[in-house]
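Q: Following this message is one structure expressed as structure tokens.
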Amino acid sequence: MHIFKTSDEVITNLAAFLVEAARLSIINRGKFSIALSGGVSPQKLYELLSSAAFRGRVEWDKVYFFFGDERYVPKTDPASNYLMVKKALFKPLNIHPSHIFSVDTKLDPREAAEQYTKVISDYFREEEWRFDLVLLGLGDNCHTASLFPYTPVLHDTLPSVAAVYLEDQGVYRITMNAPLINQAHQVAFLVYGESKARAVQHVIEDERNTDHFPAQLIAPQHKASLQWFLDAAAASKLKK
């Protein structure tokens with residue numbers, strides 16, 4: 001667990017962590033596969049990685065980008081995770097399209113999920129589906145990726161991508177499920193702000209109740225590493 005005074009310190013240190021993870025992965029495996037998080041919090045991280053201070057510290061031509069989840073909207077929609085990352089990271093770094101694996105939201109939601117599962121399978125081929133790093137955020141209701149409370153995807157047992165319908169919002173999301181995320185070599189949560197403090201406390205310290213606190217499902221297998229990058233405000237309700 002990494003706790004810093006300000007959100008800027010959190011983002012800077014997570015960027016440094018990502019740089020080192022990429023360096024080691026490229027040394028050991030010749031490439032670096034990362035599943036990106038969407039939403040507001042990671043945008044600053046992506047902008048920092050594409051800035052002059054960080055852009056030269058990663059061999060970006062050996063990095064392959066996936067999405068941990070995606071909103072079921074066109075790629076041109078302001079709510080699209082892909083569009084946000086394109087503006088903050090892909091375009092500034094001139095990432096080649098062949099290194100970007102986005103969700104095809106032109107398909108039916110379930111077809112989009114099935115197709116993205118196949119994209120992941122084709123990428124790893126005969127290998128186990130183990131991303132080098134999965135970046136995650138945390139919602140006020142303890143969801144992560146698009147693993148929302150009391151949705152069927154929380155009970156998946158095999159690694160895959162699923163379509164999740166959120167009845168209260170009347171929308172679909174496409175998300176990697178917990179078994180797939182948990183196969184990653186490393187998983188890192190980026191959480192900052194006082195509004196997230198209660199959710200952080202629920203996930204880390206409360207009794208296990210994964211239907212109510214879905215982020216509790218994230219428990220990487222093998223010798224993988226689970227990292228929490230928090231600011232003091234987000235960590236303020238932790239007892240230990």
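By convention here, the chains of the structure tokens are called A, B, ... in the order presented, each chain's residues are numbered starting at 1, and ligands are numbered starting at 1 in the order presented.
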If we count only C-alpha atoms and set the cut-off at 10 Å, which residues sit around Ala22 in chain A, ignoring sequence neighbours fewer than 2 positions away in its own chain? Please answer as a list in words.
A: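 These residues fall inside the cut-off: Ala16, Phe17, Leu18, Val19, Glu20, Leu24, Ser25, Ile26, Ile27, Asn28, Gly30, Lys31, Phe32, Ser33, Ile34, Arg57, Val58, Glu59, Trp60, Lys62, Val63, Asp132 and Leu133 of chain A.
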Q: Give the strand (DSSP E) residues of range 8-237 of chain A, as DSSP finds them on the backbone, and put them as JSON, numbers by chain.
A: {"A": [32, 33, 34, 35, 36, 63, 64, 65, 66, 67, 69, 70, 71, 133, 134, 135, 136, 161, 162, 163, 164, 165, 166, 171, 172, 173, 174, 175, 176, 186, 187, 188, 189, 190, 191, 225, 226, 227, 228, 229, 230, 231]}
Q: Dump C-alpha atoms for the selected residues as a tab-separated table (two decimals), in the first residue's frame?
A:
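Contents of selection.tsv, freshly written:
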```tsv
chain	number	residue	atom	x	y	z
A	32	PHE	CA	4.47	-5.01	-22.04
A	33	SER	CA	0.71	-5.57	-22.03
A	34	ILE	CA	-1.45	-3.23	-19.98
A	35	ALA	CA	-5.19	-3.05	-19.37
A	36	LEU	CA	-6.19	0.57	-18.86
A	63	VAL	CA	3.64	-1.68	-25.27
A	64	TYR	CA	0.23	-3.19	-26.06
A	65	PHE	CA	-2.89	-1.47	-24.73
A	66	PHE	CA	-6.19	-3.05	-23.69
A	67	PHE	CA	-9.18	-1.73	-21.75
A	69	ASP	CA	-13.80	-1.93	-19.23
A	70	GLU	CA	-15.65	0.31	-21.65
A	71	ARG	CA	-18.90	2.19	-21.72
A	133	LEU	CA	-0.35	-4.75	-15.49
A	134	VAL	CA	-4.02	-4.00	-14.93
A	135	LEU	CA	-4.90	-0.48	-13.79
A	136	LEU	CA	-8.07	-0.10	-11.74
A	161	VAL	CA	-15.10	-10.33	-20.91
A	162	ALA	CA	-18.76	-9.73	-20.07
A	163	ALA	CA	-21.58	-7.37	-20.94
A	164	VAL	CA	-23.04	-5.83	-17.79
A	165	TYR	CA	-26.44	-4.14	-17.76
A	166	LEU	CA	-26.90	-1.48	-15.09
A	171	VAL	CA	-26.98	1.30	-19.84
A	172	TYR	CA	-24.56	-1.48	-20.73
A	173	ARG	CA	-20.87	-1.72	-19.87
A	174	ILE	CA	-18.30	-4.14	-21.28
A	175	THR	CA	-15.84	-5.39	-18.67
A	176	MET	CA	-13.07	-7.83	-17.93
A	186	GLN	CA	0.45	-6.95	-11.35
A	187	VAL	CA	-2.70	-5.03	-10.46
A	188	ALA	CA	-2.67	-1.40	-9.32
A	189	PHE	CA	-5.54	0.63	-7.88
A	190	LEU	CA	-5.44	4.40	-8.33
A	191	VAL	CA	-7.72	6.07	-5.78
A	225	SER	CA	1.41	-8.10	-6.83
A	226	LEU	CA	-1.60	-6.03	-5.77
A	227	GLN	CA	-0.76	-2.37	-5.27
A	228	TRP	CA	-2.91	0.41	-3.82
A	229	PHE	CA	-1.89	3.98	-4.68
A	230	LEU	CA	-3.84	6.31	-2.38
A	231	ASP	CA	-3.69	9.87	-1.19
```
Q: What gap, in Å, lies between CA of Gln43 in chain A and CA of Arg198 in chain A?
A: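 CA of Arg198 in chain A lies at a distance of 22.5 Å from CA of Gln43 in chain A.
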Q: Given the choices A:Thr12, A:Gln115, A:Thr151, A:Ser236, which gets closest to Glu194 in chain A if the distance is worked out from only C-alpha atoms?
A: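 Residue with the minimum atom-to-atom distance to Glu194 in chain A: A:Ser236.
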Q: What's the separation between CA of Met1 in chain A and CA of Leu217 in chain A, in Å to one decimal place?
A: 17.2 Å
Q: Could you find all residues in chain A that DSSP calls alpha helix (DSSP H) from the backbone, and write them as a PyMOL selection string?
A: chain A and resi 7-29+41-49+81-85+91-93+109-124+178-181+197-205
Q: Name the residues in contact with Ala88 in chain A at a cut-off of 10 Å, using only C-alpha atoms, excluding same-chain residues fewer than 4 positions from it; report them as a list in words.
A: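 My list of contacting residues is Pro42, Gln43, Lys44, Leu45, Tyr46, Glu47, Leu48, Leu49, Ser50, Ser51, Tyr82, Leu83, Met84, Pro92 and Leu93 of chain A.
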Q: Put those residues in a file: N, CA and C atoms, as a PDB file, in the first residue's frame.
A:
```
ATOM      1  N   PRO A  42      -7.767   8.369 -13.803  1.00  0.00           N
ATOM      2  CA  PRO A  42      -6.539   8.023 -14.520  1.00  0.00           C
ATOM      3  C   PRO A  42      -6.154   8.966 -15.645  1.00  0.00           C
ATOM      4  N   GLN A  43      -7.037   9.883 -16.012  1.00  0.00           N
ATOM      5  CA  GLN A  43      -6.705  10.784 -17.123  1.00  0.00           C
ATOM      6  C   GLN A  43      -5.430  11.571 -16.837  1.00  0.00           C
ATOM      7  N   LYS A  44      -5.281  12.046 -15.606  1.00  0.00           N
ATOM      8  CA  LYS A  44      -4.077  12.792 -15.244  1.00  0.00           C
ATOM      9  C   LYS A  44      -2.835  11.904 -15.328  1.00  0.00           C
ATOM     10  N   LEU A  45      -2.997  10.625 -14.994  1.00  0.00           N
ATOM     11  CA  LEU A  45      -1.881   9.683 -15.108  1.00  0.00           C
ATOM     12  C   LEU A  45      -1.445   9.558 -16.563  1.00  0.00           C
ATOM     13  N   TYR A  46      -2.396   9.389 -17.470  1.00  0.00           N
ATOM     14  CA  TYR A  46      -2.067   9.235 -18.887  1.00  0.00           C
ATOM     15  C   TYR A  46      -1.428  10.511 -19.447  1.00  0.00           C
ATOM     16  N   GLU A  47      -1.926  11.647 -19.019  1.00  0.00           N
ATOM     17  CA  GLU A  47      -1.346  12.917 -19.479  1.00  0.00           C
ATOM     18  C   GLU A  47       0.088  13.071 -18.969  1.00  0.00           C
ATOM     19  N   LEU A  48       0.351  12.616 -17.763  1.00  0.00           N
ATOM     20  CA  LEU A  48       1.717  12.680 -17.227  1.00  0.00           C
ATOM     21  C   LEU A  48       2.636  11.733 -17.993  1.00  0.00           C
ATOM     22  N   LEU A  49       2.160  10.523 -18.285  1.00  0.00           N
ATOM     23  CA  LEU A  49       2.981   9.554 -19.013  1.00  0.00           C
ATOM     24  C   LEU A  49       3.347  10.054 -20.412  1.00  0.00           C
ATOM     25  N   SER A  50       2.480  10.844 -21.013  1.00  0.00           N
ATOM     26  CA  SER A  50       2.752  11.358 -22.367  1.00  0.00           C
ATOM     27  C   SER A  50       3.478  12.699 -22.349  1.00  0.00           C
ATOM     28  N   SER A  51       3.785  13.200 -21.149  1.00  0.00           N
ATOM     29  CA  SER A  51       4.472  14.487 -21.029  1.00  0.00           C
ATOM     30  C   SER A  51       5.970  14.325 -21.264  1.00  0.00           C
ATOM     31  N   TYR A  82     -12.118   4.889 -24.453  1.00  0.00           N
ATOM     32  CA  TYR A  82     -11.166   4.892 -25.561  1.00  0.00           C
ATOM     33  C   TYR A  82     -10.843   6.320 -25.994  1.00  0.00           C
ATOM     34  N   LEU A  83     -11.871   7.152 -26.152  1.00  0.00           N
ATOM     35  CA  LEU A  83     -11.653   8.523 -26.616  1.00  0.00           C
ATOM     36  C   LEU A  83     -10.799   9.301 -25.621  1.00  0.00           C
ATOM     37  N   MET A  84     -11.072   9.112 -24.331  1.00  0.00           N
ATOM     38  CA  MET A  84     -10.288   9.817 -23.307  1.00  0.00           C
ATOM     39  C   MET A  84      -8.821   9.419 -23.387  1.00  0.00           C
ATOM     40  N   PRO A  92      -0.804  11.773 -28.275  1.00  0.00           N
ATOM     41  CA  PRO A  92       0.456  12.466 -27.965  1.00  0.00           C
ATOM     42  C   PRO A  92       1.686  11.587 -28.150  1.00  0.00           C
ATOM     43  N   LEU A  93       1.551  10.280 -27.900  1.00  0.00           N
ATOM     44  CA  LEU A  93       2.694   9.376 -28.026  1.00  0.00           C
ATOM     45  C   LEU A  93       2.786   8.732 -29.413  1.00  0.00           C
TER      46      LEU A  93
END
```
Q: Tell me which protein, DNA and RNA residues are within 9 Å of Leu147 in chain A, counting only C-alpha atoms, leaving out same-chain ones fewer than 3 positions away, and put them as a VMD selection string.
A: chain A and resid 142 to 144 150 to 151 153 to 154 164 175 to 178 214 to 215
Q: Go ahead and dump the residues you just picked, C-alpha atoms, as a PDB file, in the first residue's frame.
A:
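Result written to result.pdb:
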```pdb
ATOM      1  CA  CYS A 142     -17.007  -0.134  -4.341  1.00  0.00           C
ATOM      2  CA  HIS A 143     -17.193  -1.134  -7.995  1.00  0.00           C
ATOM      3  CA  THR A 144     -14.023  -1.511 -10.032  1.00  0.00           C
ATOM      4  CA  TYR A 150     -25.187  -7.338  -7.376  1.00  0.00           C
ATOM      5  CA  THR A 151     -24.513  -7.941 -11.077  1.00  0.00           C
ATOM      6  CA  VAL A 153     -20.613 -10.978 -13.650  1.00  0.00           C
ATOM      7  CA  LEU A 154     -19.466 -11.051 -10.014  1.00  0.00           C
ATOM      8  CA  VAL A 164     -23.044  -5.832 -17.792  1.00  0.00           C
ATOM      9  CA  THR A 175     -15.836  -5.387 -18.672  1.00  0.00           C
ATOM     10  CA  MET A 176     -13.070  -7.835 -17.931  1.00  0.00           C
ATOM     11  CA  ASN A 177     -14.256 -10.106 -15.140  1.00  0.00           C
ATOM     12  CA  ALA A 178     -12.443 -10.741 -11.866  1.00  0.00           C
ATOM     13  CA  PRO A 214     -17.178  -5.993  -5.720  1.00  0.00           C
ATOM     14  CA  ALA A 215     -13.606  -4.687  -5.584  1.00  0.00           C
TER      15      ALA A 215
END
```
Q: Can you tell me which residues surround range 199-207 of chain A at a distance of at most 6 Å, considering only C-alpha atoms, apart from same-chain residues fewer than 4 positions away, and format the answer as a CSV table (one decimal) with N, CA, C and O atoms, in the first residue's frame?
A:
```
chain,number,residue,atom,x,y,z
A,140,ASP,N,-17.5,5.0,-5.7
A,140,ASP,CA,-18.0,5.2,-4.4
A,140,ASP,C,-18.8,4.0,-3.9
A,140,ASP,O,-18.9,3.8,-2.7
A,142,CYS,N,-18.0,1.0,-4.4
A,142,CYS,CA,-17.0,-0.1,-4.3
A,142,CYS,C,-16.9,-1.0,-5.6
A,142,CYS,O,-16.4,-2.1,-5.6
A,216,GLN,N,-13.6,-6.2,-3.7
A,216,GLN,CA,-13.0,-7.3,-2.9
A,216,GLN,C,-12.6,-8.5,-3.7
A,216,GLN,O,-11.8,-9.4,-3.2
A,237,LYS,N,-9.9,6.8,6.4
A,237,LYS,CA,-10.8,6.0,7.2
A,237,LYS,C,-10.2,4.6,7.5
A,237,LYS,O,-10.9,3.8,8.2
A,238,LEU,N,-9.1,4.3,7.0
A,238,LEU,CA,-8.4,3.0,7.3
A,238,LEU,C,-8.0,3.0,8.8
A,238,LEU,O,-7.4,3.9,9.3
```
